[in-house]
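Chemist: One structure follows; several queries about it will come next.
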Protein chains: 4
Amino acid sequence: VPRIAYFGPEGTFSEQAARALADRVAGHTELIAIPTVPQAVAAVRRGAADAACVPVENSVEGAVSATMDALAVDEPLVATAEAVLPIRFSVLTRPGLTLADVTTVASHPHALAQVEGWLDAHLPHATRVAATSTAAAAVGVTKGEHDAAVTAPVAASHYPLEELAADIADVPDAVTRFLLLSPPGRLPAPTGADRTSVILIADAERTGVLAQLLTELALRDINLSRIESRPQKGRLGRYRFYLDFDGHVAEQRVGDALAALHRRCQEVRFLGSYPKAEGTASVAHPGNTDADYAAAAAWLSGVRQESQGTPGIG
Amino acid sequence: VPRIAYFGPEGTFSEQAARALADRVAGHTELIAIPTVPQAVAAVRRGAADAACVPVENSVEGAVSATMDALAVDEPLVATAEAVLPIRFSVLTRPGLTLADVTTVASHPHALAQVEGWLDAHLPHATRVAATSTAAAAVGVTKGEHDAAVTAPVAASHYPLEELAADIADVPDAVTRFLLLSPPGRLPAPTGADRTSVILIADAERTGVLAQLLTELALRDINLSRIESRPQKGRLGRYRFYLDFDGHVAEQRVGDALAALHRRCQEVRFLGSYPKAEGTASVAHPGNTDADYAAAAAWLSGVRQESQGTPGIG
Amino acid sequence: VPRIAYFGPEGTFSEQAARALADRVAGHTELIAIPTVPQAVAAVRRGAADAACVPVENSVEGAVSATMDALAVDEPLVATAEAVLPIRFSVLTRPGLTLADVTTVASHPHALAQVEGWLDAHLPHATRVAATSTAAAAVGVTKGEHDAAVTAPVAASHYPLEELAADIADVPDAVTRFLLLSPPGRLPAPTGADRTSVILIADAERTGVLAQLLTELALRDINLSRIESRPQKGRLGRYRFYLDFDGHVAEQRVGDALAALHRRCQEVRFLGSYPKAEGTASVAHPGNTDADYAAAAAWLSGVRQESQGTPGIG
Amino acid sequence: VPRIAYFGPEGTFSEQAARALADRVAGHTELIAIPTVPQAVAAVRRGAADAACVPVENSVEGAVSATMDALAVDEPLVATAEAVLPIRFSVLTRPGLTLADVTTVASHPHALAQVEGWLDAHLPHATRVAATSTAAAAVGVTKGEHDAAVTAPVAASHYPLEELAADIADVPDAVTRFLLLSPPGRLPAPTGADRTSVILIADAERTGVLAQLLTELALRDINLSRIESRPQKGRLGRYRFYLDFDGHVAEQRVGDALAALHRRCQEVRFLGSYPKAEGTASVAHPGNTDADYAAAAAWLSGVRQESQGTPGIG
């Protein structure tokens, strides 16, 4: 049975994402809660898990630095699937309590931030308490440390608590994107609606180098959907760039673009090609289809094939 | 007396940066500790402070999201100065204690992360305790809540504690960059070694749009030193881009590039032109000097000047 | 009465073009036949004519080098109008002769080349004779030197000859583009369907310089309709580039592009903005309209306006 | 014995170039004078000659349209060598005549144009007579039709004439570049100082298409040495582009650029890779060497190699 590590404890959004991805890619699986993102990633690297489900970006809070830094160094891992989860919260309390009884409410600070408006409206006098995760806050409620916890919906199925409120969020469409990370191996087959992710280290000293790297994508009609930068440890002004763009490495234009990035960069780390959660197809326009690449290669080969040896009359 | 808000309490790195910047730009100033970055920024917007000193990026931890998000909305502020501080820590304890006596050590989690190697070597058995800031950890030591705190060096001058160790950091060259933010007004004069910062919102639907924006800089020989992205609240895949590049808005090529960005973007927010901390001059090469711009404008004006009215024989 | 020089003698396609352009731009004019393109251009420079009508390119024969070289040096002239003439020929002979009587047929070699198929079909046994112009061939027929001449249609109205055939051309859609050249002065007002022409000398030593110059146009959504190169006299590998592109110098994006070319090039010579013969409008897309330029300039001015003098707290 | 056709008759500059190229590439050869460029090219296509030596551009007169048009259609030919000849003229006359005796001087009009200043100074009163080639003018002198001929130096060895003057040219450094054209076959081996030539037909309807094609070269650090345009017969505004750039098709970056042009263009015709006459090496900078291409291909292959079949856990 494949084991999928997730950023836990039980009852987090990562668990929800892991369940969704496990259903999609592998049928029956064993889920393993691991306390931090780096530890979940390390579990895959050392073989203690077959894959890890970790958050990569949130539409409100942005990139998850811990995930990005964990991917940048040590043994390479590749994403084989992604899931986008709506981030809507439940408020859990011990059975029998009502809103009027709640004097303290706990959660991870990010979660508290995302329901601040709701709390101001419905629990204006309750003290906010920071917990290390949404699930840990739920545990705290079971122990009587706080009266209520702001949690992922899935937490309700793990702890003997009742839902005072559900489906709440100040930003109604907030979502988090999760990746399923595995050791390099067989990549998911192209679906026509794929995403490819890489990490680049470019030459910081050359004016226009990033413009040129992105032009390599644009010239091949490849849509860049995301760019993030993270510092290379220890030097301000030196960055790693995380790029997400449409297409699958098995496509000629994507492979060709990756090879161009490889030539131009100090380092390129391939982070996988996998179906986009949103499922919108990315069509290669004329000049960039696999057929165009094949025709160009055949033509070039024809032009070159006689170029062995010495010229005749020429 | 100008009042400079900083991300406090007293004894943080932000206070150190505020002191350094205050000395440089304003002579005698009043420093005001404010608990969060958004609150420090808001204090300037409502006139409770004349400027705010906030961290913008750290060479290990990366961008400071709170600062970037605070700059993106509400009344515009501009940076008028920057400072880069080495991030090296002190370990403070109550007078009389030695390393052997320390069983708990507290600090902000980022700080604990940056001295983890040192703690493993020197305090392997001490329990790590998370505090809301390095300075708050020091306060906790004075109260007897913990035995030691990992702090900014300046904390030693605020609290009745002793230095068990100083100048420690796992990554020896870690630095944090701070900006001094003010309401728009007179900008610092160009020094020849300046940086300009902007926030852009581009059209996410067009392939190659970011490549084109960066090409606008590259064509003018303007060096991009940093690009960060932050989500536009509420939608995955929609970002704000934070760009730092060499040059001062008073330079023709920089103004021209900004105008081009303005035409191409849904929104451009100017974040200031200010002397670079590193002081390396950014020279405009031939074709991009102010004199080249003046000559081109004069030529164009000559070409156009007769274009009023109807043609003669033509 | 304005005097328009044309590449003559009487009865050439240039005369036809001069008549068409004269009607369009100036009402009553005096037309002056001048034997060569450089002499026609020189007549304008020294004031002997107010304008010159000269061919600039033919859809079969390509660019007219004499015109391009004449424009590149000495006092600048600008085009104020263009005309595109279909190049279809007449075969003229003395009254009373029939095809069967024709044993010699004369014309300018280019004209003979453009009706070779017709001659092979209808006058297979007639000897071809080269003349210095189509009109000179007609003169030769009047003198009895040859039996027939291949001429511009207009020749029939100048010489006492009869049309044996009309409207003939091997390439049925062959056309020649003519420019009306004047001394710099009031340019034609923008019509929304204009063309701008320039001559550039770029730095031949820099890889990618022409790509960058054309990118300056492309980034502003300016359509390049033609590029020709001519040697700078005396050195192989050094060229002047002749560019025709859509838009009028009075448009902001065109002026801005011209200023950028001026900064980047060793030399830019403005050859005029004038209505396109084909009349297809060239619309500036969002980001490149005059309104976008005005908004960007106003924004930049606002950003800069306070940048005088010394900073306050900053 | 290989047969090399040249644009003749005997005694032209093309013969001089053909002799120089024959010596360089093939040892003993048979030279065949052919009256026009298209006929010389056709002779190679139908096997009547093994190669053709034709002029391609002159530093004063520019591109040789006849050569370019002959290369664009029908069976492809490739250049295997080039030669650059100084264009300096001799003035030949019948034995016994002096300058004072010369009342008529004949030559090809281009040649007369290139010595006009010398004729004005030394033969101000002699009538200029147009001939179909410089060599034909020499023949005319032998027949007594004219008194003197302006010719290529080599003409003096073909005709029983005396040199009245030698080494004359108004533009002292005028040169003509010649190509040796053969049927496709074994190409010359790369020398490190090669040139590659192609003809492109691009999509005229897309703004920026030529900028993008040239950017494909620039991004690969390939220096464009020449671009010419020629009309596609029958439509104004539709052109073929003739590109000369540094490098040999056997180089990875050149082949990669050619494949990119092939994908983007309606038509690409390869005109050969051959040693540059000027012999200056074209070095691929880091990121564009064959080794960089090989490393990128190996990396990409590694990334892709497991992408067959279905994913495991992913």
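Labels for the structure tokens follow display order: chains A, B, ..., residues from 1 in each chain, ligands from 1.
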For Leu92 of chain A, work out the shell of residues within 7 Å, counting only C-alpha atoms and skipping chain neighbours fewer than 6 positions away, then give it as an MDAnalysis selection string.
Modeler: chainID A and resid 148:150 161:164
Chemist: Neighbouring residues of Val91 of chain B were defined as those with any atom within 12 Å, considering only C-alpha atoms; residues of the same chain fewer than 3 positions away were excluded. Please report them as an NGL selection string.
Modeler: :B and (88 or 94 or 97-99 or 102 or 104-107 or 111-112 or 115 or 118-119 or 122-123 or 134-135 or 137-138 or 141 or 147-156 or 161-169)
Chemist: For atom CA of Thr29 of chain D and atom CA of Ala174 of chain D, determine how far apart the two atoms are, in Å to one decimal place.
Modeler: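 So the two atoms, atom CA of Thr29 of chain D and atom CA of Ala174 of chain D, lie 28.0 Å apart.
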Chemist: Mind pulling up the distance from atom CA of His108 of chain A to atom CA of Ala131 of chain B?
Modeler: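 Going from atom CA of Ala131 of chain B over to atom CA of His108 of chain A covers 14.5 Å.
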Chemist: Tell me as a list in words which residues belonging to chain D come within 7 Å of chain C, counting only C-alpha atoms.
Modeler: Ser59, Val60, Gly62, Val171, Asp173, Ala174, Thr207, Gly208, Ala211, Leu214, Thr215, Ala218, Asp221, Ile222, Asn223, Leu224, Ser225, Arg226, Ile227, Glu228, Ser229, Arg230, Pro231, Lys233, Gly234, Arg235, Leu236 and Gly237 of chain D
Chemist: Residues of the last selection are to be written out with N, CA, C and O atoms, as a compact mmCIF listing (two decimals), in the first residue's frame.
Modeler:
# COMPACT_ATOMS: atom_id res chain seq x y z
N SER D 59 29.89 46.31 -52.74
CA SER D 59 29.88 47.27 -51.63
C SER D 59 29.39 48.65 -52.07
O SER D 59 29.11 49.49 -51.22
N VAL D 60 29.27 48.88 -53.34
CA VAL D 60 28.72 50.15 -53.82
C VAL D 60 27.32 49.97 -54.36
O VAL D 60 26.40 50.71 -53.99
N GLY D 62 25.32 47.27 -54.03
CA GLY D 62 24.39 46.49 -53.22
C GLY D 62 24.15 45.09 -53.75
O GLY D 62 24.99 44.54 -54.48
N VAL D 171 35.51 54.88 -55.72
CA VAL D 171 35.44 54.45 -54.33
C VAL D 171 36.59 53.45 -54.14
O VAL D 171 36.55 52.35 -54.67
N ASP D 173 37.80 51.40 -52.00
CA ASP D 173 37.74 50.08 -51.38
C ASP D 173 36.58 49.24 -51.90
O ASP D 173 36.17 48.28 -51.24
N ALA D 174 36.04 49.57 -53.05
CA ALA D 174 34.89 48.82 -53.56
C ALA D 174 35.27 47.35 -53.74
O ALA D 174 36.35 47.02 -54.22
N THR D 207 2.40 41.43 -36.68
CA THR D 207 3.29 42.46 -36.17
C THR D 207 4.41 41.81 -35.36
O THR D 207 4.17 40.95 -34.54
N GLY D 208 5.61 42.22 -35.63
CA GLY D 208 6.73 41.75 -34.83
C GLY D 208 7.32 40.44 -35.28
O GLY D 208 8.24 39.93 -34.65
N ALA D 211 11.05 40.75 -36.02
CA ALA D 211 11.76 40.96 -34.75
C ALA D 211 11.96 39.64 -34.03
O ALA D 211 13.03 39.36 -33.48
N LEU D 214 14.64 37.42 -35.80
CA LEU D 214 16.01 37.87 -35.52
C LEU D 214 16.36 37.64 -34.06
O LEU D 214 17.53 37.42 -33.72
N THR D 215 15.36 37.68 -33.19
CA THR D 215 15.61 37.39 -31.77
C THR D 215 16.02 35.93 -31.59
O THR D 215 16.83 35.60 -30.72
N ALA D 218 19.62 36.14 -32.13
CA ALA D 218 20.32 36.90 -31.09
C ALA D 218 20.38 36.13 -29.78
O ALA D 218 21.41 36.14 -29.09
N ASP D 221 23.19 34.01 -29.60
CA ASP D 221 24.47 34.70 -29.75
C ASP D 221 25.01 34.57 -31.17
O ASP D 221 26.23 34.54 -31.38
N ILE D 222 24.11 34.50 -32.14
CA ILE D 222 24.51 34.37 -33.54
C ILE D 222 24.46 35.74 -34.19
O ILE D 222 23.43 36.41 -34.19
N ASN D 223 25.59 36.14 -34.75
CA ASN D 223 25.69 37.46 -35.35
C ASN D 223 25.13 37.48 -36.77
O ASN D 223 25.56 36.73 -37.63
N LEU D 224 24.16 38.33 -36.99
CA LEU D 224 23.58 38.53 -38.32
C LEU D 224 24.49 39.48 -39.08
O LEU D 224 24.72 40.60 -38.64
N SER D 225 25.00 39.04 -40.23
CA SER D 225 25.91 39.94 -40.95
C SER D 225 25.21 40.65 -42.10
O SER D 225 25.72 41.66 -42.60
N ARG D 226 24.05 40.16 -42.51
CA ARG D 226 23.39 40.78 -43.67
C ARG D 226 21.95 40.33 -43.73
O ARG D 226 21.64 39.18 -43.45
N ILE D 227 21.08 41.25 -44.06
CA ILE D 227 19.70 40.90 -44.37
C ILE D 227 19.30 41.68 -45.61
O ILE D 227 19.56 42.87 -45.71
N GLU D 228 18.74 40.98 -46.57
CA GLU D 228 18.22 41.61 -47.78
C GLU D 228 16.79 41.17 -47.95
O GLU D 228 16.42 40.08 -47.52
N SER D 229 16.01 41.99 -48.58
CA SER D 229 14.66 41.55 -48.90
C SER D 229 14.44 41.64 -50.40
O SER D 229 15.01 42.51 -51.08
N ARG D 230 13.66 40.73 -50.91
CA ARG D 230 13.29 40.72 -52.33
C ARG D 230 11.80 40.44 -52.37
O ARG D 230 11.28 39.66 -51.57
N PRO D 231 11.10 41.06 -53.31
CA PRO D 231 9.66 40.82 -53.34
C PRO D 231 9.34 39.38 -53.74
O PRO D 231 10.04 38.78 -54.55
N LYS D 233 7.20 37.54 -55.97
CA LYS D 233 6.63 38.04 -57.24
C LYS D 233 5.13 38.28 -57.12
O LYS D 233 4.39 37.44 -56.65
N GLY D 234 4.73 39.42 -57.55
CA GLY D 234 3.30 39.63 -57.74
C GLY D 234 2.61 40.37 -56.62
O GLY D 234 1.51 40.84 -56.81
N ARG D 235 3.21 40.47 -55.44
CA ARG D 235 2.50 41.21 -54.40
C ARG D 235 3.42 42.17 -53.68
O ARG D 235 4.38 41.76 -53.04
N LEU D 236 3.08 43.44 -53.73
CA LEU D 236 3.82 44.43 -52.96
C LEU D 236 3.58 44.15 -51.48
O LEU D 236 2.47 43.81 -51.07
N GLY D 237 4.59 44.27 -50.67
CA GLY D 237 4.41 44.06 -49.24
C GLY D 237 4.66 42.63 -48.82
O GLY D 237 4.62 42.32 -47.63
Chemist: Could you tell me how far atom CA of Tyr6 of chain B lies from atom CA of Ala79 of chain B, in Å and to one decimal?
Modeler: 13.9 Å
Chemist: For the strand (DSSP E) assignment from backbone DSSP, which residues of segment 48-293 of chain D qualify? Please present them as an MDAnalysis selection string.
Modeler: chainID D and resid 51:58 62:63 78:86 89:93 104:107 127:130 148:151 162:168 175:182 194:201 224:231 239:246 267:275
Chemist: Taking the DSSP secondary structure from the backbone, can you list the residues of segment 46-277 of chain B that are alpha helix (DSSP H), as a VMD selection string?
Modeler: chain B and resid 65 to 72 109 to 114 116 to 122 134 to 142 209 to 219 252 to 264
Chemist: If we count only C-alpha atoms and set the cut-off at 9 Å, which residues sit around Glu82 of chain D, ignoring sequence neighbours fewer than 2 positions away in its own chain? Please answer as a list in words.
Modeler: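 Here the answer would be Ala17, Leu21, Cys53, Ala79, Thr80, Val84, Arg177, Phe178, Leu179, Leu180, Tyr274, Pro275, Lys276 and Ala277 of chain D.
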Chemist: So which residues touch Gly287 of chain C within 9 Å, counting only C-alpha atoms, skipping near sequence neighbours fewer than 6 positions away, as a PDB file with C-alpha atoms, in the first residue's frame?
Modeler:
ATOM      1  CA  ALA B 260       6.272  52.077 -20.613  1.00  0.00           C
ATOM      2  CA  HIS B 262       2.471  52.186 -16.876  1.00  0.00           C
ATOM      3  CA  ARG B 263       1.100  51.886 -20.398  1.00  0.00           C
ATOM      4  CA  ARG B 264       1.348  48.098 -20.385  1.00  0.00           C
ATOM      5  CA  CYS B 265       0.080  47.312 -16.899  1.00  0.00           C
TER       6      CYS B 265
ATOM      7  CA  ARG C 220       4.793  49.381 -29.378  1.00  0.00           C
ATOM      8  CA  TYR C 293       0.895  57.764 -23.533  1.00  0.00           C
TER       9      TYR C 293
END
Chemist: Which is closest to Ala20 of chain A among A:Leu85, A:Val249, A:Ala284, A:Ala202, if we use only C-alpha atoms?
Modeler: A:Leu85
